[in-house]
$ cat query26.csv   # CSV, C-alpha atoms
chain,number,residue,atom,x,y,z
A,494,MET,CA,125.1,91.5,113.6
A,495,PRO,CA,121.4,90.7,113.5
A,496,LYS,CA,120.4,94.3,112.9
A,497,LEU,CA,120.4,94.8,109.2
A,498,ASP,CA,122.2,97.7,107.6
A,499,LEU,CA,119.5,98.4,105.1
A,500,ASP,CA,121.6,100.9,103.1
A,501,THR,CA,124.2,98.2,102.3
A,502,ILE,CA,121.6,95.8,100.9
A,503,PRO,CA,121.1,96.1,97.1
A,504,GLN,CA,117.9,97.9,96.1
A,505,THR,CA,116.2,97.2,92.8
A,506,ASN,CA,113.0,98.0,90.9
A,507,ALA,CA,113.3,94.9,88.8
A,508,THR,CA,110.1,93.0,87.9
A,509,GLY,CA,109.4,89.8,86.0
A,510,TYR,CA,106.1,91.3,84.7
A,511,PRO,CA,105.7,91.5,80.9
A,512,PRO,CA,106.3,95.1,79.7
A,513,GLU,CA,102.6,95.8,79.2
A,514,PHE,CA,101.9,95.3,82.9
A,515,ALA,CA,105.2,96.5,84.4
A,516,GLY,CA,104.4,100.2,84.5
A,517,PRO,CA,102.7,100.4,87.9
A,518,VAL,CA,105.7,98.7,89.6
A,519,GLN,CA,108.5,100.8,88.0
A,520,GLY,CA,108.4,103.0,91.2
A,521,ARG,CA,108.6,100.0,93.5
A,522,TRP,CA,112.1,99.9,94.9
A,523,TYR,CA,112.8,96.9,97.1
A,524,ARG,CA,115.5,95.1,99.1
A,525,ARG,CA,115.3,91.4,99.5
A,526,LEU,CA,116.2,90.9,103.1
A,527,ALA,CA,116.0,87.1,103.4
A,528,PRO,CA,119.1,86.3,101.3
A,529,ALA,CA,120.9,89.2,102.8
A,530,SER,CA,120.4,88.0,106.3
A,531,GLY,CA,120.5,84.2,106.0
A,532,ILE,CA,116.8,83.7,106.5
A,533,CYS,CA,115.2,80.9,104.4
A,534,ASP,CA,112.0,79.9,106.2
A,535,PHE,CA,110.1,82.9,104.7
A,536,GLY,CA,110.9,85.7,102.3
A,537,PHE,CA,110.8,89.4,103.4
A,538,SER,CA,111.5,92.6,101.6
A,539,HIS,CA,111.9,96.2,102.5
A,540,VAL,CA,109.9,98.1,100.0
A,541,THR,CA,109.7,101.8,99.1
A,542,LEU,CA,106.9,102.9,96.8
A,543,LYS,CA,107.5,106.2,95.0
A,544,PRO,CA,104.4,108.4,94.5
A,545,GLY,CA,102.1,106.7,92.0
A,546,ALA,CA,103.7,103.3,92.3
A,547,ALA,CA,102.0,100.0,93.2
A,548,SER,CA,103.3,97.1,95.2
A,549,ALA,CA,102.2,94.7,92.5
A,550,GLN,CA,99.4,94.1,90.1
A,551,ARG,CA,96.4,93.1,92.1
A,552,HIS,CA,96.8,89.4,92.8
A,553,TRP,CA,96.3,86.5,95.2
A,554,HIS,CA,98.4,83.4,95.7
A,555,GLU,CA,97.2,79.8,95.8
A,556,GLY,CA,100.1,78.7,97.9
A,557,GLU,CA,101.8,81.6,99.7
A,558,ASP,CA,100.7,83.5,102.8
A,559,GLU,CA,101.7,87.2,102.8
A,560,CYS,CA,101.6,90.1,105.2
A,561,VAL,CA,102.8,93.7,105.2
A,562,VAL,CA,103.9,96.0,108.0
A,563,MET,CA,103.7,99.7,107.2
A,564,LEU,CA,106.7,101.8,108.3
A,565,ALA,CA,106.4,105.3,106.8
A,566,GLY,CA,104.1,107.3,104.5
A,567,GLU,CA,100.7,106.2,103.4
A,568,ALA,CA,99.4,103.7,100.9
A,569,VAL,CA,96.0,102.6,99.8
A,570,LEU,CA,95.3,98.9,100.1
A,571,ILE,CA,93.0,97.8,97.3
A,572,ASP,CA,91.2,94.5,97.4
A,573,ASP,CA,87.7,93.1,96.8
A,574,SER,CA,86.3,95.0,99.8
A,575,GLY,CA,87.4,98.3,98.4
A,576,GLU,CA,90.1,100.8,99.4
A,577,THR,CA,91.7,101.0,102.9
A,578,PRO,CA,94.3,103.5,104.0
A,579,MET,CA,97.5,102.0,105.4
A,580,ARG,CA,99.6,104.1,107.7
A,581,PRO,CA,102.7,103.5,109.8
A,582,GLY,CA,102.1,100.8,112.3
A,583,ASP,CA,99.3,99.2,110.3
A,584,VAL,CA,99.5,95.5,109.5
A,585,ALA,CA,97.6,93.6,106.7
A,586,ALA,CA,97.5,89.9,106.1
A,587,PHE,CA,96.7,88.0,102.9
A,588,PRO,CA,96.0,84.3,103.5
A,589,LYS,CA,96.8,82.0,100.6
A,590,GLY,CA,93.9,80.8,98.5
A,591,ASP,CA,91.5,83.4,99.7
A,592,GLY,CA,90.7,84.5,96.2
A,593,ASN,CA,90.9,88.2,97.3
A,594,GLY,CA,93.2,90.0,94.9
A,595,HIS,CA,95.2,92.7,96.7
A,596,MET,CA,97.7,95.5,96.1
A,597,LEU,CA,99.1,98.6,97.7
A,598,VAL,CA,99.2,101.9,95.8
A,599,ASN,CA,101.0,105.0,96.8
A,600,ARG,CA,98.6,107.9,95.9
A,601,SER,CA,100.4,110.4,98.1
A,602,ASP,CA,103.1,112.8,97.0
A,603,ALA,CA,105.8,111.2,99.3
A,604,ASP,CA,107.5,107.9,99.5
A,605,CYS,CA,105.8,105.1,101.5
A,606,VAL,CA,107.8,102.3,103.1
A,607,PHE,CA,106.7,98.8,104.3
A,608,VAL,CA,108.1,95.4,105.0
A,609,ALA,CA,106.4,92.6,103.1
A,610,VAL,CA,106.7,89.0,104.3
A,611,GLY,CA,105.8,85.9,102.2
A,612,GLY,CA,105.7,82.2,102.9
A,613,PRO,CA,107.8,79.8,100.8
A,614,GLY,CA,106.4,80.5,97.3
A,615,ASN,CA,104.6,77.7,95.6
A,616,GLY,CA,101.4,77.4,93.7
A,617,ALA,CA,99.9,79.7,91.1
A,618,CYS,CA,99.2,83.4,91.4
A,619,HIS,CA,96.0,84.9,90.0
A,620,TYR,CA,95.6,88.5,88.7
A,621,PRO,CA,91.9,89.3,88.6
A,622,ASP,CA,92.2,92.7,86.8
A,623,ILE,CA,94.5,91.9,83.9
A,624,ASP,CA,95.1,89.2,81.3
A,625,MET,CA,98.0,87.6,83.1
A,626,HIS,CA,98.5,84.4,85.1
A,627,LEU,CA,101.4,82.8,86.9
A,628,PRO,CA,101.1,79.1,86.9
A,629,ALA,CA,102.9,77.0,89.6
A,630,GLY,CA,106.5,76.5,88.6
A,631,GLY,CA,106.2,78.6,85.4
A,632,GLY,CA,106.6,82.0,84.0
A,633,PHE,CA,103.9,84.6,83.3
A,634,VAL,CA,101.4,83.7,80.6
A,635,ARG,CA,98.0,85.1,79.4
A,636,LYS,CA,94.9,83.6,81.0
A,637,ASP,CA,94.5,81.3,77.9
A,638,GLY,CA,98.0,79.9,78.6
A,639,SER,CA,99.6,81.7,75.6
A,640,GLY,CA,102.9,83.5,76.1
A,641,PHE,CA,103.6,87.2,76.0
B,453,MET,CA,89.4,92.8,105.2
B,454,PRO,CA,93.1,92.2,105.0
B,455,LYS,CA,94.0,95.2,107.2
B,456,LEU,CA,94.0,93.9,110.7
B,457,ASP,CA,92.1,95.7,113.4
B,458,LEU,CA,94.7,95.2,116.0
B,459,ASP,CA,92.5,96.4,118.9
B,460,THR,CA,90.1,93.5,118.3
B,461,ILE,CA,92.8,90.9,118.5
B,462,PRO,CA,93.4,89.4,122.0
B,463,GLN,CA,96.5,90.7,123.8
B,464,THR,CA,98.2,88.6,126.4
B,465,ASN,CA,101.4,88.6,128.4
B,466,ALA,CA,101.3,84.8,128.9
B,467,THR,CA,104.5,82.8,128.9
B,468,GLY,CA,105.4,79.2,129.1
B,469,TYR,CA,108.7,80.0,130.9
B,470,PRO,CA,109.0,78.5,134.4
B,471,PRO,CA,108.3,81.1,137.1
B,472,GLU,CA,112.0,81.7,138.0
B,473,PHE,CA,112.7,82.9,134.4
B,474,ALA,CA,109.4,84.6,133.6
B,475,GLY,CA,110.0,87.9,135.3
B,476,PRO,CA,111.6,89.7,132.3
B,477,VAL,CA,108.7,88.9,130.0
B,478,GLN,CA,105.9,89.9,132.4
B,479,GLY,CA,105.8,93.3,130.6
B,480,ARG,CA,105.7,91.8,127.1
B,481,TRP,CA,102.2,92.1,125.7
B,482,TYR,CA,101.6,90.5,122.4
B,483,ARG,CA,98.9,89.7,119.9
B,484,ARG,CA,99.3,86.6,117.8
B,485,LEU,CA,98.4,87.8,114.3
B,486,ALA,CA,98.7,84.6,112.3
B,487,PRO,CA,95.7,82.7,113.8
B,488,ALA,CA,93.7,86.0,113.8
B,489,SER,CA,94.3,86.5,110.1
B,490,GLY,CA,94.3,83.0,108.6
B,491,ILE,CA,98.1,82.9,108.0
B,492,CYS,CA,99.8,79.6,108.6
B,493,ASP,CA,103.0,79.6,106.5
B,494,PHE,CA,104.7,81.6,109.3
B,495,GLY,CA,103.9,83.1,112.7
B,496,PHE,CA,103.8,86.8,113.4
B,497,SER,CA,103.0,88.8,116.5
B,498,HIS,CA,102.5,92.4,117.3
B,499,VAL,CA,104.5,93.0,120.5
B,500,THR,CA,104.5,95.8,123.0
B,501,LEU,CA,107.3,95.9,125.6
B,502,LYS,CA,106.6,97.9,128.6
B,503,PRO,CA,109.5,99.8,130.1
B,504,GLY,CA,111.9,97.3,131.6
B,505,ALA,CA,110.4,94.3,129.7
B,506,ALA,CA,112.3,91.9,127.5
B,507,SER,CA,111.1,90.1,124.3
B,508,ALA,CA,112.3,86.8,125.6
B,509,GLN,CA,115.2,85.3,127.5
B,510,ARG,CA,118.2,85.5,125.3
B,511,HIS,CA,117.9,82.5,122.9
B,512,TRP,CA,118.5,81.0,119.5
B,513,HIS,CA,116.6,78.4,117.6
B,514,GLU,CA,117.9,75.4,115.9
B,515,GLY,CA,115.0,75.2,113.5
B,516,GLU,CA,113.2,78.6,113.2
B,517,ASP,CA,114.2,81.7,111.4
B,518,GLU,CA,113.0,84.9,113.0
B,519,CYS,CA,113.0,88.6,112.2
B,520,VAL,CA,111.7,91.8,113.9
B,521,VAL,CA,110.5,95.1,112.5
B,522,MET,CA,110.5,98.0,114.9
B,523,LEU,CA,107.4,100.2,114.8
B,524,ALA,CA,107.6,102.6,117.8
B,525,GLY,CA,109.8,103.5,120.7
B,526,GLU,CA,113.2,102.1,121.3
B,527,ALA,CA,114.7,98.8,122.3
B,528,VAL,CA,118.1,97.4,122.8
B,529,LEU,CA,119.0,94.3,120.8
B,530,ILE,CA,121.4,92.1,122.9
B,531,ASP,CA,123.3,89.3,121.2
B,532,ASP,CA,126.8,87.9,121.2
B,533,SER,CA,128.1,91.0,119.4
B,534,GLY,CA,126.9,93.3,122.2
B,535,GLU,CA,124.1,95.9,122.4
B,536,THR,CA,122.5,97.6,119.4
B,537,PRO,CA,119.7,100.2,119.6
B,538,MET,CA,116.6,99.4,117.5
B,539,ARG,CA,114.4,102.3,116.5
B,540,PRO,CA,111.3,102.6,114.3
B,541,GLY,CA,112.0,101.3,110.8
B,542,ASP,CA,114.9,99.1,111.9
B,543,VAL,CA,114.9,95.5,111.0
B,544,ALA,CA,116.8,92.6,112.5
B,545,ALA,CA,117.1,89.0,111.4
B,546,PHE,CA,117.9,85.9,113.4
B,547,PRO,CA,118.8,82.9,111.2
B,548,LYS,CA,118.1,79.5,112.7
B,549,GLY,CA,121.1,77.6,113.9
B,550,ASP,CA,123.4,80.6,114.1
B,551,GLY,CA,124.2,80.0,117.8
B,552,ASN,CA,123.9,83.7,118.5
B,553,GLY,CA,121.4,84.2,121.4
B,554,HIS,CA,119.3,87.3,121.0
B,555,MET,CA,116.7,89.3,122.9
B,556,LEU,CA,115.2,92.8,122.8
B,557,VAL,CA,115.0,94.8,126.0
B,558,ASN,CA,113.1,98.0,126.5
B,559,ARG,CA,115.3,100.3,128.7
B,560,SER,CA,113.4,103.4,127.9
B,561,ASP,CA,110.6,104.9,129.9
B,562,ALA,CA,108.0,104.5,127.2
B,563,ASP,CA,106.5,101.5,125.5
B,564,CYS,CA,108.2,100.1,122.4
B,565,VAL,CA,106.4,98.2,119.7
B,566,PHE,CA,107.5,95.8,117.0
B,567,VAL,CA,106.3,93.0,114.8
B,568,ALA,CA,108.1,89.7,115.2
B,569,VAL,CA,108.0,87.0,112.5
B,570,GLY,CA,109.0,83.4,112.9
B,571,GLY,CA,109.2,80.4,110.6
B,572,PRO,CA,107.2,77.2,111.3
B,573,GLY,CA,108.6,76.3,114.7
B,574,ASN,CA,110.5,73.1,115.1
B,575,GLY,CA,113.8,72.0,116.6
B,576,ALA,CA,115.2,72.9,120.0
B,577,CYS,CA,115.7,76.4,121.5
B,578,HIS,CA,118.9,77.3,123.4
B,579,TYR,CA,119.2,79.8,126.2
B,580,PRO,CA,122.9,80.7,126.7
B,581,ASP,CA,122.5,82.8,129.9
B,582,ILE,CA,120.2,80.6,132.0
B,583,ASP,CA,119.8,77.0,133.1
B,584,MET,CA,116.9,76.3,130.7
B,585,HIS,CA,116.5,74.4,127.5
B,586,LEU,CA,113.6,73.7,125.1
B,587,PRO,CA,114.1,70.4,123.4
B,588,ALA,CA,112.4,69.8,120.1
B,589,GLY,CA,108.8,68.7,120.7
B,590,GLY,CA,109.1,69.1,124.4
B,591,GLY,CA,108.6,71.5,127.3
B,592,PHE,CA,111.1,73.6,129.2
B,593,VAL,CA,113.7,71.6,131.1
B,594,ARG,CA,117.0,72.4,132.8
B,595,LYS,CA,120.2,71.9,130.8
B,596,ASP,CA,120.7,68.5,132.4
B,597,GLY,CA,117.3,67.5,131.2
B,598,SER,CA,115.6,67.6,134.6
B,599,GLY,CA,112.3,69.2,135.0
B,600,PHE,CA,111.4,72.5,136.7
$ encode --input "query26.csv" --output "structure tokens"
Amino acid sequence: MPKLDLDTIPQTNATGYPPEFAGPVQGRWYRRLAPASGICDFGFSHVTLKPGAASAQRHWHEGEDECVVMLAGEAVLIDDSGETPMRPGDVAAFPKGDGNGHMLVNRSDADCVFVAVGGPGNGACHYPDIDMHLPAGGGFVRKDGSGF
Amino acid sequence: MPKLDLDTIPQTNATGYPPEFAGPVQGRWYRRLAPASGICDFGFSHVTLKPGAASAQRHWHEGEDECVVMLAGEAVLIDDSGETPMRPGDVAAFPKGDGNGHMLVNRSDADCVFVAVGGPGNGACHYPDIDMHLPAGGGFVRKDGSGF
């Protein structure tokens, strides 16, 4: 059955972020839909942000295109151009290598829900606001390359 | 600005289908969002189906994963397992090579809207219900390989 039964797909708020940067994503609950559905050309996740939660630390990828499709609630998209409200039906795209760190934050008092799509992950990820870096093929380090 | 201004992105109902099979998609109006946003890892389109329109002829890809995220209205997903209603917030996935032809049809009296995502296209596309085939790297032909 191609239609996904979302309730049967495991939901997690796990993160690989070091503890000092993990707080904003504790309220990010997501289901990884690609492994659940047999898709491998791209990744896609069904994400619920609890009030106050962020989709990620603000970041941009060297080697992975991303987009989000808003389904419910309201989020604020934060990037170098400022803050932009995102409401159901809105779509945003984040081309790899654009150097424009982005994140979604739920500042409302209700959950917001979106689907996020990402290309096959490769290349480094940059975090302009915090002392964290994700090198290609590696784990999180500080910007001077030292470990957490 | 990562948020896409959908109204500024060209909308078309163009199709490469031969005329005899193009009728069902005449009411399929879509915006290609990847070229409009600088995304190249995957394709994604914002699609409106007018009442009576179909997303495509029922098909499956040998080499392209696909998914759809419903945003508004209601469609019927038709595949080998039968018919399944798709409503806002619903997600369906179509793994490449699964041999399960799929299509969405709008049987309601209002527009329906969804975002469709597809991996980098390659490989043939199969149409179980009609005398049409799309070979890898080629244009539409009949199942015996003859042209339209």
$ closest_residue --input "query26.csv" --among "B:Val593, B:Cys519, B:Ala588, B:Ala508" --to "chain A" --atoms "all atoms listed in the file"
B:Cys519
$ closest_atom_pairs --input "query26.csv" --of "chain B" --to "chain A" --cutoff "7 Å" --atoms "all atoms listed in the file" --output "CSV"
residue,atom,partner,partner_atom,distance
B:Met453,CA,A:Ser574,CA,6.6
B:Pro454,CA,A:Ala585,CA,5.0
B:Lys455,CA,A:Ala585,CA,4.0
B:Leu456,CA,A:Ala585,CA,5.4
B:Ser489,CA,A:Ala586,CA,6.1
B:Gly490,CA,A:Pro588,CA,5.5
B:Ile491,CA,A:Pro588,CA,5.2
B:Asp493,CA,A:Gly612,CA,5.2
B:Phe494,CA,A:Gly612,CA,6.5
B:Asp517,CA,A:Ile532,CA,5.9
B:Leu523,CA,A:Gly582,CA,5.9
B:Ser533,CA,A:Met494,CA,6.5
B:Gly541,CA,A:Leu564,CA,5.9
B:Val543,CA,A:Leu497,CA,5.8
B:Ala544,CA,A:Lys496,CA,4.0
B:Ala545,CA,A:Pro495,CA,5.1
B:Phe546,CA,A:Pro495,CA,5.9
B:Pro547,CA,A:Ile532,CA,5.2
B:Gly571,CA,A:Asp534,CA,5.2
$ write_last_selection --input "query26.csv" --atoms "C-alpha atoms" --output "PDB file, keeping the file's coordinate frame"
ATOM      1  CA  MET B 453      89.400  92.800 105.200  1.00  0.00           C
ATOM      2  CA  PRO B 454      93.100  92.200 105.000  1.00  0.00           C
ATOM      3  CA  LYS B 455      94.000  95.200 107.200  1.00  0.00           C
ATOM      4  CA  LEU B 456      94.000  93.900 110.700  1.00  0.00           C
ATOM      5  CA  SER B 489      94.300  86.500 110.100  1.00  0.00           C
ATOM      6  CA  GLY B 490      94.300  83.000 108.600  1.00  0.00           C
ATOM      7  CA  ILE B 491      98.100  82.900 108.000  1.00  0.00           C
ATOM      8  CA  ASP B 493     103.000  79.600 106.500  1.00  0.00           C
ATOM      9  CA  PHE B 494     104.700  81.600 109.300  1.00  0.00           C
ATOM     10  CA  ASP B 517     114.200  81.700 111.400  1.00  0.00           C
ATOM     11  CA  LEU B 523     107.400 100.200 114.800  1.00  0.00           C
ATOM     12  CA  SER B 533     128.100  91.000 119.400  1.00  0.00           C
ATOM     13  CA  GLY B 541     112.000 101.300 110.800  1.00  0.00           C
ATOM     14  CA  VAL B 543     114.900  95.500 111.000  1.00  0.00           C
ATOM     15  CA  ALA B 544     116.800  92.600 112.500  1.00  0.00           C
ATOM     16  CA  ALA B 545     117.100  89.000 111.400  1.00  0.00           C
ATOM     17  CA  PHE B 546     117.900  85.900 113.400  1.00  0.00           C
ATOM     18  CA  PRO B 547     118.800  82.900 111.200  1.00  0.00           C
ATOM     19  CA  GLY B 571     109.200  80.400 110.600  1.00  0.00           C
TER      20      GLY B 571
END
$ atom_distance --input "query26.csv" --atom1 "atom CA of Cys564 of chain B" --atom2 "atom CA of Gln478 of chain B"
14.5 Å
$ atom_distance --input "query26.csv" --atom1 "atom CA of Asp637 of chain A" --atom2 "atom CA of Gly520 of chain A"
29.0 Å
$ atom_distance --input "query26.csv" --atom1 "atom CA of Gly525 of chain B" --atom2 "atom CA of Arg559 of chain B"
10.2 Å
$ residues_around --input "query26.csv" --residues "segment 499-504 of chain B" --least-positions-apart "4" --cutoff "9 Å" --atoms "all atoms listed in the file" --output "PyMOL selection string"
chain B and resi 463+476-484+527+556-568
$ write_last_selection --input "query26.csv" --atoms "C-alpha atoms" --output "PDB file, in the frame of the given file"
ATOM      1  CA  GLN B 463      96.500  90.700 123.800  1.00  0.00           C
ATOM      2  CA  PRO B 476     111.600  89.700 132.300  1.00  0.00           C
ATOM      3  CA  VAL B 477     108.700  88.900 130.000  1.00  0.00           C
ATOM      4  CA  GLN B 478     105.900  89.900 132.400  1.00  0.00           C
ATOM      5  CA  GLY B 479     105.800  93.300 130.600  1.00  0.00           C
ATOM      6  CA  ARG B 480     105.700  91.800 127.100  1.00  0.00           C
ATOM      7  CA  TRP B 481     102.200  92.100 125.700  1.00  0.00           C
ATOM      8  CA  TYR B 482     101.600  90.500 122.400  1.00  0.00           C
ATOM      9  CA  ARG B 483      98.900  89.700 119.900  1.00  0.00           C
ATOM     10  CA  ARG B 484      99.300  86.600 117.800  1.00  0.00           C
ATOM     11  CA  ALA B 527     114.700  98.800 122.300  1.00  0.00           C
ATOM     12  CA  LEU B 556     115.200  92.800 122.800  1.00  0.00           C
ATOM     13  CA  VAL B 557     115.000  94.800 126.000  1.00  0.00           C
ATOM     14  CA  ASN B 558     113.100  98.000 126.500  1.00  0.00           C
ATOM     15  CA  ARG B 559     115.300 100.300 128.700  1.00  0.00           C
ATOM     16  CA  SER B 560     113.400 103.400 127.900  1.00  0.00           C
ATOM     17  CA  ASP B 561     110.600 104.900 129.900  1.00  0.00           C
ATOM     18  CA  ALA B 562     108.000 104.500 127.200  1.00  0.00           C
ATOM     19  CA  ASP B 563     106.500 101.500 125.500  1.00  0.00           C
ATOM     20  CA  CYS B 564     108.200 100.100 122.400  1.00  0.00           C
ATOM     21  CA  VAL B 565     106.400  98.200 119.700  1.00  0.00           C
ATOM     22  CA  PHE B 566     107.500  95.800 117.000  1.00  0.00           C
ATOM     23  CA  VAL B 567     106.300  93.000 114.800  1.00  0.00           C
ATOM     24  CA  ALA B 568     108.100  89.700 115.200  1.00  0.00           C
TER      25      ALA B 568
END
$ residues_around --input "query26.csv" --residues "Pro511 of chain A" --least-positions-apart "4" --cutoff "8 Å" --atoms "all atoms listed in the file" --output "list in words"
Ala515, Phe633 and Phe641 of chain A
$ write_last_selection --input "query26.csv" --atoms "C-alpha atoms" --output "compact mmCIF listing (two decimals), in the frame of the given file"
# COMPACT_ATOMS: atom_id res chain seq x y z
CA ALA A 515 105.20 96.50 84.40
CA PHE A 633 103.90 84.60 83.30
CA PHE A 641 103.60 87.20 76.00
$ residues_around --input "query26.csv" --residues "Gly594 of chain A" --least-positions-apart "4" --cutoff "8 Å" --atoms "only C-alpha atoms" --output "list in words"
Arg551, His552, Trp553, Asp572, Asp573, His619, Tyr620 and Pro621 of chain A
$ closest_residue --input "query26.csv" --among "A:Thr508, A:Ser548, A:Pro528, A:Phe514" --to "Asp622 of chain A" --atoms "all atoms listed in the file"
A:Phe514
$ build_atoms --input "query26.csv" --residues "segment 496-509 of chain B" --atoms "N, CA, C and O atoms" --output "PDB file, keeping the file's coordinate frame"
ATOM      1  N   PHE B 496     103.403  85.389 113.157  1.00  0.00           N
ATOM      2  CA  PHE B 496     103.800  86.800 113.400  1.00  0.00           C
ATOM      3  C   PHE B 496     102.978  87.366 114.493  1.00  0.00           C
ATOM      4  O   PHE B 496     101.810  87.055 114.645  1.00  0.00           O
ATOM      5  N   SER B 497     103.650  88.186 115.283  1.00  0.00           N
ATOM      6  CA  SER B 497     103.000  88.800 116.500  1.00  0.00           C
ATOM      7  C   SER B 497     103.306  90.258 116.529  1.00  0.00           C
ATOM      8  O   SER B 497     104.370  90.726 116.110  1.00  0.00           O
ATOM      9  N   HIS B 498     102.338  90.977 117.078  1.00  0.00           N
ATOM     10  CA  HIS B 498     102.500  92.400 117.300  1.00  0.00           C
ATOM     11  C   HIS B 498     102.772  92.539 118.824  1.00  0.00           C
ATOM     12  O   HIS B 498     101.969  92.122 119.663  1.00  0.00           O
ATOM     13  N   VAL B 499     103.946  93.065 119.134  1.00  0.00           N
ATOM     14  CA  VAL B 499     104.500  93.000 120.500  1.00  0.00           C
ATOM     15  C   VAL B 499     104.689  94.398 121.056  1.00  0.00           C
ATOM     16  O   VAL B 499     105.297  95.251 120.391  1.00  0.00           O
ATOM     17  N   THR B 500     104.214  94.621 122.252  1.00  0.00           N
ATOM     18  CA  THR B 500     104.500  95.800 123.000  1.00  0.00           C
ATOM     19  C   THR B 500     105.347  95.447 124.219  1.00  0.00           C
ATOM     20  O   THR B 500     104.936  94.581 124.998  1.00  0.00           O
ATOM     21  N   LEU B 501     106.503  96.075 124.354  1.00  0.00           N
ATOM     22  CA  LEU B 501     107.300  95.900 125.600  1.00  0.00           C
ATOM     23  C   LEU B 501     107.132  97.101 126.453  1.00  0.00           C
ATOM     24  O   LEU B 501     107.451  98.237 126.057  1.00  0.00           O
ATOM     25  N   LYS B 502     106.634  96.876 127.640  1.00  0.00           N
ATOM     26  CA  LYS B 502     106.600  97.900 128.600  1.00  0.00           C
ATOM     27  C   LYS B 502     107.989  98.291 129.091  1.00  0.00           C
ATOM     28  O   LYS B 502     108.914  97.464 128.930  1.00  0.00           O
ATOM     29  N   PRO B 503     108.173  99.477 129.646  1.00  0.00           N
ATOM     30  CA  PRO B 503     109.500  99.800 130.100  1.00  0.00           C
ATOM     31  C   PRO B 503     110.066  98.728 131.053  1.00  0.00           C
ATOM     32  O   PRO B 503     109.374  98.263 131.961  1.00  0.00           O
ATOM     33  N   GLY B 504     111.278  98.302 130.770  1.00  0.00           N
ATOM     34  CA  GLY B 504     111.900  97.300 131.600  1.00  0.00           C
ATOM     35  C   GLY B 504     111.716  95.852 131.075  1.00  0.00           C
ATOM     36  O   GLY B 504     112.429  94.944 131.508  1.00  0.00           O
ATOM     37  N   ALA B 505     110.769  95.669 130.179  1.00  0.00           N
ATOM     38  CA  ALA B 505     110.400  94.300 129.700  1.00  0.00           C
ATOM     39  C   ALA B 505     111.404  93.819 128.651  1.00  0.00           C
ATOM     40  O   ALA B 505     112.014  94.608 127.927  1.00  0.00           O
ATOM     41  N   ALA B 506     111.487  92.501 128.524  1.00  0.00           N
ATOM     42  CA  ALA B 506     112.300  91.900 127.500  1.00  0.00           C
ATOM     43  C   ALA B 506     111.370  91.072 126.553  1.00  0.00           C
ATOM     44  O   ALA B 506     110.279  90.633 126.939  1.00  0.00           O
ATOM     45  N   SER B 507     111.837  90.893 125.319  1.00  0.00           N
ATOM     46  CA  SER B 507     111.100  90.100 124.300  1.00  0.00           C
ATOM     47  C   SER B 507     111.074  88.647 124.660  1.00  0.00           C
ATOM     48  O   SER B 507     110.171  87.902 124.266  1.00  0.00           O
ATOM     49  N   ALA B 508     112.116  88.216 125.352  1.00  0.00           N
ATOM     50  CA  ALA B 508     112.300  86.800 125.600  1.00  0.00           C
ATOM     51  C   ALA B 508     113.571  86.699 126.496  1.00  0.00           C
ATOM     52  O   ALA B 508     114.274  87.692 126.692  1.00  0.00           O
ATOM     53  N   GLN B 509     113.838  85.533 127.036  1.00  0.00           N
ATOM     54  CA  GLN B 509     115.200  85.300 127.500  1.00  0.00           C
ATOM     55  C   GLN B 509     116.085  85.156 126.264  1.00  0.00           C
ATOM     56  O   GLN B 509     115.625  84.768 125.185  1.00  0.00           O
TER      57      GLN B 509
END
